[in-house]
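File shown: input_32.txt. Contents: compact mmCIF, C-alpha atoms and all ligand atoms.
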# COMPACT_ATOMS: atom_id res chain seq x y z
CA MET A 1 104.99 98.98 61.63
CA SER A 2 106.03 101.62 64.15
CA THR A 3 108.32 100.52 66.98
CA ASN A 4 107.38 103.70 68.78
CA PHE A 5 105.16 102.24 71.46
CA LYS A 6 104.07 105.05 73.76
CA ALA A 7 101.99 103.06 76.19
CA ARG A 8 104.93 100.72 76.99
CA ASP A 9 107.23 103.73 77.57
CA MET A 10 104.63 105.18 79.89
CA ALA A 11 104.37 101.90 81.84
CA GLU A 12 108.15 101.69 82.20
CA HIS A 13 108.37 105.32 83.27
CA GLN A 14 105.60 104.90 85.86
CA ILE A 15 107.25 101.80 87.33
CA THR A 16 110.60 103.59 87.59
CA GLU A 17 108.83 106.38 89.47
CA LEU A 18 107.30 103.88 91.87
CA ASP A 19 110.74 102.41 92.48
CA GLU A 20 112.16 105.88 93.19
CA GLN A 21 109.37 106.63 95.68
CA LEU A 22 109.86 103.23 97.39
CA LEU A 23 106.28 102.44 96.47
CA ARG A 24 106.75 99.48 94.18
CA ARG A 25 105.02 96.36 95.47
CA LYS A 26 106.47 92.92 94.99
CA LEU A 27 104.71 89.60 94.65
CA ARG A 28 105.92 86.76 96.83
CA THR A 29 104.89 83.22 95.97
CA THR A 30 104.10 80.75 98.72
CA GLU A 31 104.36 77.01 98.33
CA SER A 32 102.41 75.99 101.41
CA PRO A 33 98.81 76.41 102.61
CA CYS A 34 97.93 79.63 104.41
CA ASP A 35 98.94 79.08 108.05
CA ALA A 36 101.05 80.49 110.87
CA LYS A 37 104.14 79.49 108.88
CA ALA A 38 104.67 79.96 105.16
CA ARG A 39 107.12 78.28 102.83
CA VAL A 40 108.55 80.83 100.41
CA GLY A 41 111.13 79.27 98.13
CA GLU A 42 113.70 77.54 100.34
CA ARG A 43 112.65 79.42 103.45
CA GLU A 44 110.03 78.88 106.10
CA LEU A 45 108.78 82.18 107.47
CA LYS A 46 106.68 82.89 110.53
CA ALA A 47 103.74 84.71 108.97
CA PHE A 48 102.05 87.49 110.91
CA CYS A 49 100.34 89.10 107.95
CA SER A 50 97.35 87.08 106.73
CA ASN A 51 93.70 87.73 107.54
CA ASP A 52 93.12 84.10 108.42
CA TYR A 53 92.33 85.19 111.96
CA LEU A 54 90.73 81.96 113.15
CA GLY A 55 93.27 79.78 111.38
CA LEU A 56 90.58 78.02 109.33
CA ALA A 57 92.06 78.38 105.82
CA ASN A 58 93.74 74.99 106.04
CA HIS A 59 91.39 73.35 108.54
CA PRO A 60 90.83 69.66 107.69
CA LYS A 61 87.03 70.01 107.89
CA ILE A 62 87.11 72.87 105.40
CA VAL A 63 89.48 71.06 103.07
CA ALA A 64 87.18 68.02 103.18
CA ALA A 65 84.08 70.17 102.60
CA LEU A 66 85.59 71.62 99.43
CA ALA A 67 86.26 68.15 98.06
CA GLU A 68 82.74 67.09 99.00
CA GLY A 69 81.28 70.21 97.40
CA ALA A 70 83.13 69.52 94.17
CA LYS A 71 81.78 65.94 94.14
CA LEU A 72 78.24 67.17 94.73
CA TYR A 73 78.19 70.18 92.42
CA GLY A 74 81.15 69.94 90.07
CA VAL A 75 83.35 73.00 89.74
CA GLY A 76 82.05 75.91 87.66
CA SER A 77 78.64 77.47 88.20
CA GLY A 78 78.39 78.07 84.46
CA ALA A 79 76.46 81.37 84.54
CA SER A 80 75.47 84.37 86.58
CA HIS A 81 72.96 83.87 89.40
CA LEU A 82 70.00 85.23 87.45
CA ILE A 83 70.64 83.03 84.42
CA SER A 84 71.32 79.49 85.68
CA GLY A 85 74.25 79.77 88.11
CA HIS A 86 72.30 79.93 91.39
CA SER A 87 72.56 76.52 93.03
CA ILE A 88 71.01 75.03 96.13
CA ALA A 89 74.42 75.47 97.81
CA HIS A 90 74.24 79.24 97.24
CA ASP A 91 70.68 79.28 98.49
CA LEU A 92 71.50 77.37 101.68
CA LEU A 93 74.49 79.59 102.33
CA GLU A 94 72.50 82.81 101.86
CA LYS A 95 69.80 81.55 104.24
CA LYS A 96 72.44 80.63 106.81
CA LEU A 97 74.19 84.01 106.49
CA ALA A 98 70.87 85.84 106.89
CA ALA A 99 70.19 83.76 110.02
CA CYS A 100 73.55 84.92 111.44
CA GLU A 101 72.48 88.57 111.28
CA GLU A 102 68.69 88.36 111.71
CA LYS A 103 68.83 89.30 115.40
CA HIS A 104 70.35 92.59 114.29
CA ILE A 105 68.59 93.25 110.99
CA PRO A 106 64.86 92.62 110.95
CA LYS A 107 63.60 90.74 107.84
CA ALA A 108 67.24 89.96 107.02
CA ARG A 109 68.14 88.46 103.68
CA ALA A 110 71.64 87.81 102.36
CA LEU A 111 73.26 87.91 98.94
CA PHE A 112 76.51 86.03 98.30
CA PHE A 113 79.36 87.48 96.18
CA SER A 114 82.68 86.13 94.96
CA THR A 115 84.66 88.87 96.76
CA GLY A 116 84.24 91.60 99.33
CA TYR A 117 85.44 94.12 96.79
CA LEU A 118 82.50 93.30 94.53
CA ALA A 119 80.01 93.14 97.40
CA ASN A 120 81.01 96.64 98.50
CA ILE A 121 80.82 98.09 94.99
CA ASN A 122 77.46 96.44 94.53
CA ALA A 123 76.04 97.62 97.85
CA ILE A 124 77.06 101.25 97.49
CA THR A 125 76.20 101.75 93.83
CA GLY A 126 73.01 99.71 94.12
CA ILE A 127 71.71 101.45 97.24
CA SER A 128 72.54 104.89 95.85
CA ARG A 129 70.42 104.05 92.79
CA LEU A 130 67.34 103.81 95.00
CA ALA A 131 67.29 107.59 94.51
CA GLU A 132 67.09 109.48 91.23
CA GLN A 133 70.32 110.80 89.68
CA GLY A 134 71.91 113.41 91.94
CA GLN A 135 69.56 112.61 94.83
CA ALA A 136 71.74 110.33 96.96
CA SER A 137 74.14 111.68 99.54
CA ILE A 138 76.94 109.42 100.77
CA TYR A 139 79.04 109.93 103.91
CA SER A 140 82.24 107.92 103.79
CA ALA A 141 84.87 107.59 106.54
CA LYS A 142 88.27 108.80 105.32
CA LEU A 143 90.13 105.64 106.30
CA ASN A 144 87.64 103.30 104.66
CA HIS A 145 88.96 100.38 102.62
CA ALA A 146 89.71 100.92 98.92
CA SER A 147 86.69 98.85 97.87
CA LEU A 148 84.38 101.21 99.75
CA ILE A 149 86.19 104.22 98.31
CA ASP A 150 85.82 102.81 94.81
CA GLY A 151 82.14 102.03 95.41
CA VAL A 152 81.56 105.62 96.50
CA ARG A 153 83.48 106.97 93.50
CA LEU A 154 81.44 104.81 91.14
CA ALA A 155 78.17 105.91 92.76
CA SER A 156 79.29 109.48 92.25
CA ALA A 157 80.22 108.89 88.59
CA GLN A 158 77.21 106.72 87.67
CA ASN A 159 74.47 108.22 89.74
CA LYS A 160 75.87 111.67 90.55
CA ALA A 161 75.72 110.88 94.27
CA LYS A 162 77.02 113.67 96.48
CA VAL A 163 80.02 112.52 98.51
CA THR A 164 81.12 113.82 101.90
CA LEU A 165 84.23 112.40 103.57
CA PHE A 166 84.45 112.54 107.34
CA ASP A 167 87.53 112.26 109.56
CA HIS A 168 88.42 109.01 111.21
CA GLN A 169 86.07 108.34 114.14
CA ASN A 170 84.89 111.96 114.09
CA LEU A 171 81.16 111.61 114.55
CA ASP A 172 80.70 115.31 115.35
CA SER A 173 81.78 116.32 111.87
CA LEU A 174 79.54 113.61 110.39
CA GLU A 175 76.59 114.92 112.36
CA GLU A 176 77.33 118.53 111.47
CA SER A 177 77.14 117.69 107.76
CA LEU A 178 74.03 115.55 108.14
CA LYS A 179 72.22 118.39 109.88
CA GLN A 180 72.33 120.45 106.70
CA ASP A 181 71.50 117.55 104.38
CA THR A 182 68.17 117.66 102.55
CA TYR A 183 68.85 114.82 100.11
CA PRO A 184 66.12 112.15 100.02
CA LEU A 185 68.61 109.27 100.35
CA LYS A 186 71.47 109.39 102.81
CA LEU A 187 73.97 106.58 103.25
CA ILE A 188 76.74 106.46 105.87
CA VAL A 189 79.56 104.06 104.92
CA VAL A 190 82.19 102.76 107.36
CA ASP A 191 84.63 99.91 107.88
CA GLY A 192 83.50 97.91 110.94
CA VAL A 193 87.08 97.12 111.91
CA PHE A 194 89.40 99.53 110.11
CA SER A 195 91.59 97.28 108.03
CA MET A 196 94.93 99.09 108.47
CA ASP A 197 94.38 100.43 111.99
CA GLY A 198 92.49 97.65 113.73
CA ASP A 199 90.15 99.97 115.63
CA ILE A 200 86.40 99.45 115.63
CA ALA A 201 83.68 101.80 114.36
CA PRO A 202 81.23 102.92 117.08
CA VAL A 203 78.27 101.23 115.42
CA GLU A 204 75.75 102.00 118.16
CA LYS A 205 76.46 105.73 117.98
CA LEU A 206 76.53 105.69 114.19
CA LEU A 207 73.16 103.97 114.14
CA HIS A 208 71.76 106.55 116.50
CA ILE A 209 72.93 109.29 114.12
CA ALA A 210 71.52 107.39 111.13
CA GLU A 211 68.15 107.18 112.86
CA GLN A 212 68.18 110.83 113.82
CA TYR A 213 68.84 112.01 110.27
CA ASP A 214 66.93 109.32 108.36
CA ALA A 215 70.04 107.76 106.86
CA LEU A 216 71.08 104.18 106.10
CA LEU A 217 74.21 102.80 107.76
CA MET A 218 76.47 100.53 105.73
CA VAL A 219 79.08 98.62 107.74
CA ASP A 220 81.83 96.67 106.00
CA ASP A 221 82.69 94.06 108.61
CA ALA A 222 85.37 92.32 106.53
CA HIS A 223 87.64 92.00 109.57
CA GLY A 224 84.92 91.52 112.18
CA PHE A 225 82.85 88.66 110.82
CA GLY A 226 84.04 85.46 112.51
CA VAL A 227 86.14 87.41 115.00
CA LEU A 228 83.75 89.65 116.94
CA GLY A 229 80.76 88.61 119.00
CA GLU A 230 80.10 85.54 121.12
CA GLN A 231 79.13 83.45 118.11
CA GLY A 232 81.45 85.22 115.69
CA HIS A 233 78.59 86.95 113.89
CA GLY A 234 80.58 90.14 113.86
CA ILE A 235 80.31 93.74 114.88
CA LEU A 236 76.52 93.87 115.03
CA GLU A 237 76.48 90.99 117.50
CA GLN A 238 79.24 92.61 119.55
CA ALA A 239 77.47 95.99 119.61
CA GLY A 240 74.05 94.42 120.26
CA VAL A 241 72.36 96.69 117.72
CA HIS A 242 69.14 96.07 115.83
CA SER A 243 67.82 98.08 112.92
CA GLU A 244 66.36 97.87 109.43
CA ARG A 245 68.64 100.75 108.47
CA ILE A 246 71.75 98.56 108.50
CA ILE A 247 73.34 97.37 105.28
CA TYR A 248 75.91 94.81 106.45
CA VAL A 249 78.78 93.38 104.44
CA GLY A 250 80.78 90.44 105.76
CA THR A 251 83.67 88.83 103.93
CA LEU A 252 84.37 85.10 103.88
CA GLY A 253 87.99 84.97 102.73
CA LYS A 254 89.40 86.26 106.01
CA ALA A 255 88.25 84.74 109.34
CA ALA A 256 85.96 82.31 107.52
CA GLY A 257 89.05 80.91 105.79
CA VAL A 258 87.50 80.41 102.32
CA SER A 259 86.57 83.22 99.92
CA GLY A 260 83.63 85.41 99.00
CA ALA A 261 81.46 87.90 100.81
CA PHE A 262 77.84 88.75 101.49
CA ILE A 263 75.54 91.69 101.81
CA CYS A 264 72.89 91.29 104.47
CA ALA A 265 70.05 93.77 104.73
CA ALA A 266 66.29 93.96 105.14
CA SER A 267 64.50 92.07 102.39
CA PRO A 268 63.43 95.02 100.17
CA PHE A 269 67.04 96.21 99.87
CA ILE A 270 68.28 92.78 98.88
CA GLU A 271 65.49 92.35 96.37
CA TRP A 272 66.43 95.73 94.86
CA LEU A 273 70.11 94.73 94.66
CA ILE A 274 69.17 91.51 92.87
CA GLN A 275 67.27 93.63 90.32
CA LYS A 276 69.81 96.43 89.91
CA GLY A 277 73.19 95.45 91.35
CA ARG A 278 75.36 95.35 88.28
CA PRO A 279 78.26 93.31 89.74
CA TYR A 280 75.69 90.75 90.96
CA ILE A 281 73.82 90.59 87.68
CA TYR A 282 76.73 90.63 85.25
CA SER A 283 79.17 88.24 86.89
CA THR A 284 79.39 84.44 86.92
CA ALA A 285 78.24 82.91 90.20
CA THR A 286 80.99 81.63 92.52
CA PRO A 287 81.52 77.84 92.26
CA PRO A 288 78.79 76.19 94.37
CA ALA A 289 81.48 74.04 96.04
CA ILE A 290 82.78 77.25 97.64
CA ALA A 291 79.31 77.99 99.02
CA HIS A 292 79.14 74.41 100.30
CA THR A 293 82.56 74.82 101.95
CA LEU A 294 81.42 78.01 103.61
CA LEU A 295 78.55 76.18 105.29
CA SER A 296 81.16 74.07 107.09
CA SER A 297 83.18 77.14 107.93
CA LEU A 298 80.11 78.79 109.49
CA GLU A 299 79.49 75.68 111.58
CA LEU A 300 83.04 75.92 112.91
CA ILE A 301 82.75 79.67 113.53
CA GLU A 302 79.51 79.31 115.54
CA GLY A 303 80.45 76.13 117.35
CA ASP A 304 82.74 75.33 120.28
CA GLU A 305 85.81 75.40 118.07
CA GLY A 306 85.04 78.96 116.95
CA VAL A 307 84.52 80.01 120.56
CA SER A 308 87.88 78.57 121.62
CA ARG A 309 89.69 80.03 118.60
CA ARG A 310 88.30 83.48 119.40
CA LYS A 311 89.38 83.01 123.03
CA LYS A 312 92.88 82.19 121.84
CA LEU A 313 92.95 85.26 119.60
CA ASN A 314 91.86 87.47 122.46
CA GLU A 315 94.62 86.01 124.62
CA LEU A 316 97.19 86.91 121.95
CA ILE A 317 95.76 90.42 121.61
CA GLN A 318 95.94 90.93 125.36
CA ILE A 319 99.54 89.71 125.56
CA TRP A 320 100.50 92.03 122.69
CA ASN A 321 98.89 95.06 124.30
CA GLU A 322 100.48 94.31 127.67
CA GLU A 323 103.95 93.38 126.48
CA MET A 324 104.53 95.93 123.71
CA THR A 325 104.44 98.80 126.20
CA PHE A 326 108.29 98.93 126.11
CA SER A 327 108.18 100.15 122.52
CA SER A 328 108.20 103.80 121.61
CA TRP A 329 106.98 103.05 118.10
CA GLU A 330 103.52 104.47 117.47
CA LYS A 331 100.62 102.03 117.65
CA THR A 332 96.88 102.52 117.22
CA PRO A 333 94.65 101.44 120.10
CA SER A 334 93.32 98.12 118.84
CA SER A 335 91.45 95.29 120.50
CA THR A 336 91.38 93.22 117.32
CA PRO A 337 93.92 90.88 115.68
CA ILE A 338 95.09 93.80 113.50
CA GLN A 339 97.95 95.55 115.31
CA PRO A 340 99.76 98.23 113.32
CA VAL A 341 103.17 99.62 114.18
CA ILE A 342 103.43 102.99 112.48
CA LEU A 343 106.92 103.83 111.26
CA GLY A 344 106.28 106.96 109.16
CA SER A 345 108.28 107.00 105.96
CA ASN A 346 108.32 104.31 103.29
CA ALA A 347 112.06 103.88 103.87
CA ASN A 348 111.60 103.24 107.60
CA ALA A 349 108.79 100.76 107.11
CA LEU A 350 110.77 98.90 104.43
CA ALA A 351 113.90 98.82 106.59
CA VAL A 352 112.11 97.29 109.57
CA ALA A 353 110.21 94.81 107.37
CA LYS A 354 113.57 93.75 105.88
CA LEU A 355 115.11 93.19 109.32
CA LEU A 356 112.09 91.13 110.31
CA ASP A 357 112.42 89.12 107.11
CA GLU A 358 116.07 88.44 107.88
CA ALA A 359 114.96 87.19 111.31
CA GLY A 360 112.49 84.80 109.65
CA TYR A 361 109.27 86.83 109.84
CA TRP A 362 106.85 87.74 107.08
CA ILE A 363 105.33 91.12 107.90
CA PRO A 364 105.32 93.37 104.83
CA ALA A 365 105.59 97.15 104.91
CA ILE A 366 102.23 98.77 104.17
CA ARG A 367 102.63 102.01 102.26
CA PRO A 368 100.48 104.60 100.45
CA PRO A 369 97.97 104.59 98.90
CA THR A 370 96.86 101.78 101.23
CA VAL A 371 97.58 104.11 104.17
CA PRO A 372 97.96 107.91 104.25
CA VAL A 373 101.35 109.38 103.25
CA GLY A 374 103.72 109.54 106.24
CA THR A 375 102.03 106.65 108.08
CA SER A 376 103.73 103.68 106.46
CA ARG A 377 103.62 100.76 108.81
CA LEU A 378 103.87 97.15 109.70
CA ARG A 379 100.42 95.63 109.81
CA ILE A 380 100.87 92.76 112.24
CA THR A 381 98.01 90.30 112.35
CA PHE A 382 97.36 87.33 114.61
CA SER A 383 95.83 83.97 113.90
CA ALA A 384 94.43 81.48 116.39
CA ASN A 385 97.06 79.11 114.97
CA HIS A 386 99.84 81.25 116.45
CA SER A 387 101.05 80.01 119.80
CA VAL A 388 101.72 82.29 122.75
CA ASP A 389 105.41 81.42 122.28
CA ASP A 390 105.24 82.48 118.60
CA LEU A 391 103.93 85.84 119.71
CA ARG A 392 106.42 86.30 122.54
CA GLU A 393 109.29 85.48 120.16
CA LEU A 394 107.99 88.11 117.72
CA ILE A 395 107.76 90.70 120.49
CA GLN A 396 111.33 89.86 121.52
CA GLU A 397 112.51 90.23 117.92
CA LEU A 398 110.76 93.60 117.60
CA LYS A 399 112.51 94.74 120.79
CA ILE A 400 115.91 93.83 119.32
CA ILE A 401 115.10 95.50 116.00
CA GLU A 402 113.83 98.67 117.67
CA GLN A 403 117.09 98.94 119.62
CA THR A 404 119.12 98.22 116.46
CA VAL A 405 117.49 100.92 114.41
CA GLU A 406 117.09 103.45 117.25
CA GLY A 407 118.13 106.82 115.98
CA ASN A 408 117.71 105.70 112.36
CA VAL A 409 113.97 105.00 112.39
C1 LIG A 501 87.76 96.35 104.95
C2 LIG A 501 87.79 95.49 103.74
N1 LIG A 501 86.71 95.42 102.96
C3 LIG A 501 86.69 94.67 101.86
C4 LIG A 501 87.77 93.94 101.46
C5 LIG A 501 87.71 93.14 100.21
O1 LIG A 501 87.36 91.83 100.49
P1 LIG A 501 87.84 90.67 99.51
O2 LIG A 501 89.27 90.42 99.82
O3 LIG A 501 86.93 89.53 99.82
O4 LIG A 501 87.65 91.20 98.12
C6 LIG A 501 88.91 93.96 102.24
C7 LIG A 501 90.09 93.16 101.80
O5 LIG A 501 91.18 93.25 102.19
C8 LIG A 501 88.95 94.76 103.39
O6 LIG A 501 90.04 94.84 104.16
Output the file's structure as structure tokens, nothing else.
Amino acid sequence: MSTNFKARDMAEHQITELDEQLLRRKLRTTESPCDAKARVGERELKAFCSNDYLGLANHPKIVAALAEGAKLYGVGSGASHLISGHSIAHDLLEKKLAACEEKHIPKARALFFSTGYLANINAITGISRLAEQGQASIYSAKLNHASLIDGVRLASAQNKAKVTLFDHQNLDSLEESLKQDTYPLKLIVVDGVFSMDGDIAPVEKLLHIAEQYDALLMVDDAHGFGVLGEQGHGILEQAGVHSERIIYVGTLGKAAGVSGAFICAASPFIEWLIQKGRPYIYSTATPPAIAHTLLSSLELIEGDEGVSRRKKLNELIQIWNEEMTFSSWEKTPSSTPIQPVILGSNANALAVAKLLDEAGYWIPAIRPPTVPVGTSRLRITFSANHSVDDLRELIQELKIIEQTVEGNV
């Protein structure tokens, strides 16, 4: 047998290259529930990096609901939705999720997925297949999340969809391209809250453009659902929009504190995705206990507790925006719990993340390809479980670190 194993050599070579470019990512194992503090080995770190914006991931009601769901439904679903995996818990959850968005999407129906990544792939590839091969035209914002990018790439490979990328928040260039577009199916795809920048897509304007040029508008509200809007129903609630052209994706592993995601759209689109969405059809349904847990999470999000947790988050965001003005580090204008500090090179971002780690903070350096080359950053995120003092201490620590590295970073 040959010991010459080329694939292993290639893997080792590629990993060495990643090390050299300061792009190798490292896993860190926690030993505590997701919360404002994390136990990592012997250390307790103040975590400002999760997407558990409302602090629900370890909420006693949610923990109890999961146990109850397991008692009621067991653990595995046993099959994909269209075979025998679709339980009453999934059905109740989908109806509840549709009710969350029905003020904004007439004839709304929802479809539940195990992850946002899958929901996005399913939505983009499925919707583009409404048109014949080569007849769909997709407009995708350049800073969209990887799952949207991959969905667009797959639609291009599978269904020969034409792809046009448009610059971040540049609606003029989007409109310019749409003016020339004669394709029968046009789909605009954007992050609702941009995941690495924290700024919000101008949904009302985008919808106006979609209407003008007979396009659909897909909004991935992974970081808005639970956080934005009076009731936490997300970006559509906040923007007060209403249209059958909207294909909405919300994720349930971030502010909702559990896991999964959903597509919500007018009924004919959802029915089509049930028929043709390959990730939906060919994947085992999420455990029904998770769907059951999510019903409790939605109750919290919509109820008084959700309202007060969003209020708390907004207080933290306001303090951050007011008190970080001393810093000359670049920040993006953000009114959400995602607050990036852009440090440029991989080396700079890693150096500052290391100093923060030494001071007891967990805020990893985010590097390409997650963000464009030269914009490596700290992605600082807030949770309603952070106290005002937690935040002020972090700001103080950043001040010290900025002074320490001045001239080097
Ligand atoms: C904007 C955006 N969309 C989709 C996803 C994927 O969602 P999930 O983690 O549920 O797969 C993420 C995850 O980080 C995201 O940031």
Just want the residues within 9 Å of ligand LIG 501 (chain A), written as a PyMOL selection string, counting only C-alpha atoms and all ligand atoms.
chain A and resi 51+113-120+144-148+190-196+220-223+249-254+259-261
Of A:Cys34, A:Ala70, A:Val203, A:Leu217, the one sitting nearest Ile138 of chain A when using only C-alpha atoms is A:Leu217
Have a look at A:Gln158, A:Asn385, A:Ser335, A:Thr370 and name the one nearest to Gly134 of chain A; count all atoms listed in the file.
A:Gln158
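Closest approach to Glu323 of chain A among A:Arg392, A:Arg129, A:Arg367, A:His242: A:Arg392, based on only C-alpha atoms.
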Grab the atom CA of Glu176 of chain A to atom CA of Ala266 of chain A distance for me, in Å with one decimal place.
27.7 Å
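Counting all atoms listed in the file and comparing A:Tyr248, A:Phe112, A:Tyr361, A:Trp320, the residue that lies closest to Ile281 of chain A is A:Phe112.
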Non-local contacts of Cys264 of chain A (8 Å; all atoms listed in the file; under 2 positions in same chain excluded) as a PyMOL selection string
chain A and resi 97-98+101+108-111+247-249+262+266+270
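In this model, the gap between atom CA of Glu302 of chain A and atom CA of Cys100 of chain A comes to 9.2 Å.
Going from atom CA of Asn159 of chain A over to atom CA of Ala136 of chain A, you cover 8.0 Å.
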Would you please work out which residue, of A:Ala57, A:Glu299, A:Lys46, A:Glu175, is nearest to Glu397 of chain A when using all atoms listed in the file?
A:Lys46
I want to know what sits within 12 Å of Pro369 of chain A, based on only C-alpha atoms, with residues of the same chain fewer than 2 positions away left out; could you give that as an MDAnalysis selection string?
chainID A and resid 18 23:25 143:146 149 196 346 366:367 371:376
Given 5 Å of margin on each side, can you work out the centre and size in Å (one decimal) of an axis-aligned box holding every listed atom of segment 278-281 of chain A, as AutoDock Vina command-line options?
--center_x 76.0 --center_y 93.0 --center_z 89.3 --size_x 14.4 --size_y 14.8 --size_z 13.3
Go through A:Leu45, A:Ala265, A:Lys103, A:Pro287 and flag the residue nearest Ile88 of chain A, using only C-alpha atoms for the distances.
A:Pro287
Could you give me, as a PyMOL selection string, the residues within 9 Å of Leu92 of chain A, counting all atoms listed in the file and dropping anything in the same chain fewer than 4 positions from it?
chain A and resi 87-88+96-97+291-292+295
Once you have the residues from the selection above, write them out as a PDB file, in the coordinates of the input, restricted to C-alpha atoms.
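What ended up in again.pdb:
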ATOM      1  CA  SER A  87      72.560  76.520  93.030  1.00  0.00           C
ATOM      2  CA  ILE A  88      71.010  75.030  96.130  1.00  0.00           C
ATOM      3  CA  LYS A  96      72.440  80.630 106.810  1.00  0.00           C
ATOM      4  CA  LEU A  97      74.190  84.010 106.490  1.00  0.00           C
ATOM      5  CA  ALA A 291      79.310  77.990  99.020  1.00  0.00           C
ATOM      6  CA  HIS A 292      79.140  74.410 100.300  1.00  0.00           C
ATOM      7  CA  LEU A 295      78.550  76.180 105.290  1.00  0.00           C
TER       8      LEU A 295
END
Please provide the set of residues having any atom within 12 Å of segment 350-359 of chain A, restricted to all atoms listed in the file, with same-chain residues fewer than 6 positions apart removed, written as a ChimeraX atom specification.
/A:21-26,40,43-49,329,341-344,365-367,376-380,393-406,408-409
Just give me the residues with any atom within 12 Å of (69.7, 112.4, 90.8), file coordinates, counting all atoms listed in the file, written as an mmCIF file with C-alpha atoms, in the coordinates of the input.
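And here is the file that came out, point-v4.cif:
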data_model
loop_
_atom_site.group_PDB
_atom_site.id
_atom_site.type_symbol
_atom_site.label_atom_id
_atom_site.label_comp_id
_atom_site.auth_asym_id
_atom_site.auth_seq_id
_atom_site.Cartn_x
_atom_site.Cartn_y
_atom_site.Cartn_z
ATOM 1 C CA SER A 128 72.540 104.890 95.850
ATOM 2 C CA ARG A 129 70.420 104.050 92.790
ATOM 3 C CA LEU A 130 67.340 103.810 95.000
ATOM 4 C CA ALA A 131 67.290 107.590 94.510
ATOM 5 C CA GLU A 132 67.090 109.480 91.230
ATOM 6 C CA GLN A 133 70.320 110.800 89.680
ATOM 7 C CA GLY A 134 71.910 113.410 91.940
ATOM 8 C CA GLN A 135 69.560 112.610 94.830
ATOM 9 C CA ALA A 136 71.740 110.330 96.960
ATOM 10 C CA SER A 137 74.140 111.680 99.540
ATOM 11 C CA ALA A 155 78.170 105.910 92.760
ATOM 12 C CA SER A 156 79.290 109.480 92.250
ATOM 13 C CA ALA A 157 80.220 108.890 88.590
ATOM 14 C CA GLN A 158 77.210 106.720 87.670
ATOM 15 C CA ASN A 159 74.470 108.220 89.740
ATOM 16 C CA LYS A 160 75.870 111.670 90.550
ATOM 17 C CA ALA A 161 75.720 110.880 94.270
ATOM 18 C CA LYS A 162 77.020 113.670 96.480
ATOM 19 C CA TYR A 183 68.850 114.820 100.110
ATOM 20 C CA PRO A 184 66.120 112.150 100.020
ATOM 21 C CA LEU A 185 68.610 109.270 100.350
#
Excluding Leu171 of chain A and its own-chain neighbours fewer than 3 positions away, which residues fall within 9 Å of it when counting only C-alpha atoms? Please give them as a ChimeraX atom specification.
/A:166-168,174-176,205-206,209
